[in-house]
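coords19.txt (compact mmCIF, N, CA and C atoms)
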# COMPACT_ATOMS: atom_id res chain seq x y z
N MET A 219 10.48 122.51 120.89
CA MET A 219 11.89 122.21 120.82
C MET A 219 12.33 121.42 122.04
N ILE A 220 11.87 121.84 123.19
CA ILE A 220 12.22 121.14 124.42
C ILE A 220 11.67 119.72 124.40
N VAL A 221 10.45 119.57 123.90
CA VAL A 221 9.81 118.25 123.88
C VAL A 221 10.57 117.30 122.97
N LEU A 222 10.96 117.76 121.80
CA LEU A 222 11.70 116.92 120.86
C LEU A 222 13.05 116.51 121.43
N PHE A 223 13.76 117.47 122.03
CA PHE A 223 15.05 117.15 122.64
C PHE A 223 14.88 116.15 123.77
N ALA A 224 13.86 116.33 124.59
CA ALA A 224 13.62 115.42 125.71
C ALA A 224 13.28 114.02 125.20
N ALA A 225 12.49 113.92 124.14
CA ALA A 225 12.13 112.62 123.58
C ALA A 225 13.36 111.87 123.07
N ILE A 226 14.20 112.57 122.33
CA ILE A 226 15.41 111.94 121.79
C ILE A 226 16.35 111.53 122.92
N LEU A 227 16.51 112.41 123.89
CA LEU A 227 17.36 112.09 125.04
C LEU A 227 16.83 110.88 125.79
N GLY A 228 15.53 110.78 125.97
CA GLY A 228 14.94 109.64 126.66
C GLY A 228 15.16 108.34 125.92
N VAL A 229 15.02 108.37 124.61
CA VAL A 229 15.23 107.16 123.80
C VAL A 229 16.68 106.70 123.92
N VAL A 230 17.61 107.64 123.84
CA VAL A 230 19.03 107.29 123.91
C VAL A 230 19.37 106.73 125.29
N ILE A 231 18.91 107.37 126.34
CA ILE A 231 19.20 106.90 127.70
C ILE A 231 18.56 105.53 127.94
N GLY A 232 17.33 105.34 127.47
CA GLY A 232 16.66 104.06 127.63
C GLY A 232 17.38 102.93 126.91
N ALA A 233 17.80 103.20 125.68
CA ALA A 233 18.51 102.18 124.91
C ALA A 233 19.85 101.83 125.56
N ARG A 234 20.55 102.85 126.04
CA ARG A 234 21.84 102.59 126.69
C ARG A 234 21.66 101.82 127.99
N THR A 235 20.59 102.14 128.73
CA THR A 235 20.34 101.44 129.99
C THR A 235 20.08 99.96 129.73
N ALA A 236 19.24 99.66 128.76
CA ALA A 236 18.93 98.27 128.45
C ALA A 236 20.15 97.53 127.92
N THR A 237 20.96 98.21 127.12
CA THR A 237 22.17 97.58 126.58
C THR A 237 23.14 97.25 127.70
N ARG A 238 23.31 98.17 128.63
CA ARG A 238 24.23 97.92 129.74
C ARG A 238 23.76 96.78 130.64
N ARG A 239 22.45 96.58 130.71
CA ARG A 239 21.90 95.49 131.52
C ARG A 239 21.86 94.17 130.77
N GLY A 240 22.36 94.17 129.56
CA GLY A 240 22.45 92.93 128.79
C GLY A 240 21.14 92.53 128.12
N GLY A 241 20.32 93.49 127.79
CA GLY A 241 19.03 93.19 127.18
C GLY A 241 19.14 92.83 125.71
N LYS A 242 18.17 92.06 125.27
CA LYS A 242 18.08 91.72 123.85
C LYS A 242 17.40 92.85 123.09
N ARG A 243 17.19 92.65 121.79
CA ARG A 243 16.66 93.72 120.94
C ARG A 243 15.31 94.25 121.43
N LEU A 244 14.39 93.36 121.77
CA LEU A 244 13.08 93.81 122.23
C LEU A 244 13.15 94.52 123.58
N ASP A 245 14.07 94.09 124.44
CA ASP A 245 14.28 94.78 125.72
C ASP A 245 14.75 96.21 125.48
N ILE A 246 15.68 96.36 124.54
CA ILE A 246 16.22 97.67 124.23
C ILE A 246 15.12 98.57 123.67
N LEU A 247 14.29 98.02 122.77
CA LEU A 247 13.19 98.80 122.21
C LEU A 247 12.18 99.20 123.28
N GLN A 248 11.90 98.29 124.20
CA GLN A 248 10.94 98.61 125.25
C GLN A 248 11.47 99.68 126.19
N TYR A 249 12.71 99.58 126.58
CA TYR A 249 13.31 100.61 127.43
C TYR A 249 13.36 101.95 126.71
N ALA A 250 13.73 101.92 125.43
CA ALA A 250 13.80 103.16 124.65
C ALA A 250 12.42 103.81 124.57
N ALA A 251 11.39 103.01 124.34
CA ALA A 251 10.03 103.56 124.25
C ALA A 251 9.58 104.10 125.60
N GLY A 252 9.82 103.36 126.65
CA GLY A 252 9.40 103.80 127.99
C GLY A 252 10.09 105.08 128.42
N TYR A 253 11.38 105.12 128.26
CA TYR A 253 12.13 106.33 128.63
C TYR A 253 11.75 107.49 127.71
N GLY A 254 11.54 107.19 126.43
CA GLY A 254 11.15 108.23 125.49
C GLY A 254 9.83 108.87 125.88
N ILE A 255 8.85 108.04 126.25
CA ILE A 255 7.55 108.56 126.67
C ILE A 255 7.68 109.37 127.95
N ALA A 256 8.42 108.86 128.91
CA ALA A 256 8.58 109.56 130.19
C ALA A 256 9.26 110.92 130.00
N PHE A 257 10.33 110.94 129.23
CA PHE A 257 11.05 112.19 129.02
C PHE A 257 10.22 113.17 128.19
N THR A 258 9.42 112.64 127.26
CA THR A 258 8.54 113.51 126.49
C THR A 258 7.53 114.19 127.39
N LEU A 259 6.94 113.44 128.30
CA LEU A 259 5.99 114.03 129.25
C LEU A 259 6.66 115.09 130.11
N LEU A 260 7.86 114.82 130.56
CA LEU A 260 8.60 115.83 131.33
C LEU A 260 8.87 117.07 130.49
N GLY A 261 9.18 116.87 129.22
CA GLY A 261 9.41 118.00 128.33
C GLY A 261 8.16 118.83 128.12
N VAL A 262 7.01 118.15 128.01
CA VAL A 262 5.74 118.87 127.85
C VAL A 262 5.44 119.71 129.09
N PHE A 263 5.59 119.12 130.26
CA PHE A 263 5.34 119.87 131.49
C PHE A 263 6.32 121.01 131.66
N THR A 264 7.57 120.80 131.30
CA THR A 264 8.56 121.85 131.37
C THR A 264 8.20 123.01 130.43
N THR A 265 7.73 122.66 129.23
CA THR A 265 7.31 123.69 128.29
C THR A 265 6.13 124.48 128.84
N PHE A 266 5.16 123.79 129.43
CA PHE A 266 4.01 124.48 130.03
C PHE A 266 4.44 125.42 131.15
N ILE A 267 5.35 124.96 131.98
CA ILE A 267 5.81 125.79 133.09
C ILE A 267 6.55 127.02 132.58
N ILE A 268 7.44 126.82 131.62
CA ILE A 268 8.19 127.96 131.07
C ILE A 268 7.25 128.93 130.38
N HIS A 269 6.31 128.41 129.62
CA HIS A 269 5.34 129.28 128.94
C HIS A 269 4.48 130.06 129.95
N GLY A 270 4.11 129.41 131.03
CA GLY A 270 3.32 130.07 132.05
C GLY A 270 4.08 131.16 132.79
N LEU A 271 5.37 130.93 133.00
CA LEU A 271 6.19 131.93 133.70
C LEU A 271 6.49 133.14 132.82
N LEU A 272 6.54 132.95 131.52
CA LEU A 272 6.86 134.05 130.62
C LEU A 272 5.67 134.91 130.27
N ASN A 273 4.46 134.42 130.55
CA ASN A 273 3.25 135.19 130.21
C ASN A 273 2.61 135.77 131.44

Translate this structure into structure tokens?
Amino acid sequence: MIVLFAAILGVVIGARTATRRGGKRLDILQYAAGYGIAFTLLGVFTTFIIHGLLN
């Protein structure tokens, strides 16, 4: 659940960042993908840490 939320949040933030910087469609897609991947990785690590603390 955390990973999915983080991925969606990353895509939204990436797309908004590229749009605010005046990027074209491919720029927006690249930022969305990059932020989505980064936030997904953070979500995975967060899930691992929470799971480790609870067990």

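What separates CA of Gln248 (chain A) from CA of Phe263 (chain A) is a distance of 22.9 Å.
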
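Going from CA of Thr235 (chain A) over to CA of Ile268 (chain A), you cover 29.2 Å.
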
ask   = Could you tell me, as a PyMOL selection string, which residues have any atom at most 6.5 Å from (12.6, 124.3, 126.1), counting all atoms listed in the file?
value = chain A and resi 219-221+264-265

Grab all the atoms of region 269-272 of chain A that the file lists, wrap them in a box along x, y and z, add 4 Å per side, and give me centre plus edge lengths in Å (one decimal) as JSON.
{"center_x": 5.1, "center_y": 131.7, "center_z": 131.3, "size_x": 11.5, "size_y": 14.5, "size_z": 12.8}

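Between CA of Asp245 (chain A) and CA of Ala233 (chain A) the interatomic distance comes to 8.6 Å.
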
request  = Would you list the contacts of Ala250 (chain A) as an MDAnalysis selection string, taking every protein, DNA or RNA residue within 7 Å and counting all atoms listed in the file, but skipping same-chain residues closer than 4 positions in sequence?
outcome  = chainID A and resid 228:234 236 245:246 254:255

request  = Using all atoms listed in the file, pick whichever of A:Phe257, A:Leu244, A:Arg239, A:Ile267 has the shortest atom-to-atom distance to Leu227 (chain A).
outcome  = A:Phe257

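Compared by their closest atoms to Ala224 (chain A), and using all atoms listed in the file, the residues A:Gly261, A:Phe266, A:Gly240, A:Leu272 rank with A:Gly261 nearest.
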
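Proximity ranking of A:Arg243, A:Thr258, A:Gly270, A:Gly252 relative to Ile226 (chain A) places A:Thr258 first, based on all atoms listed in the file.
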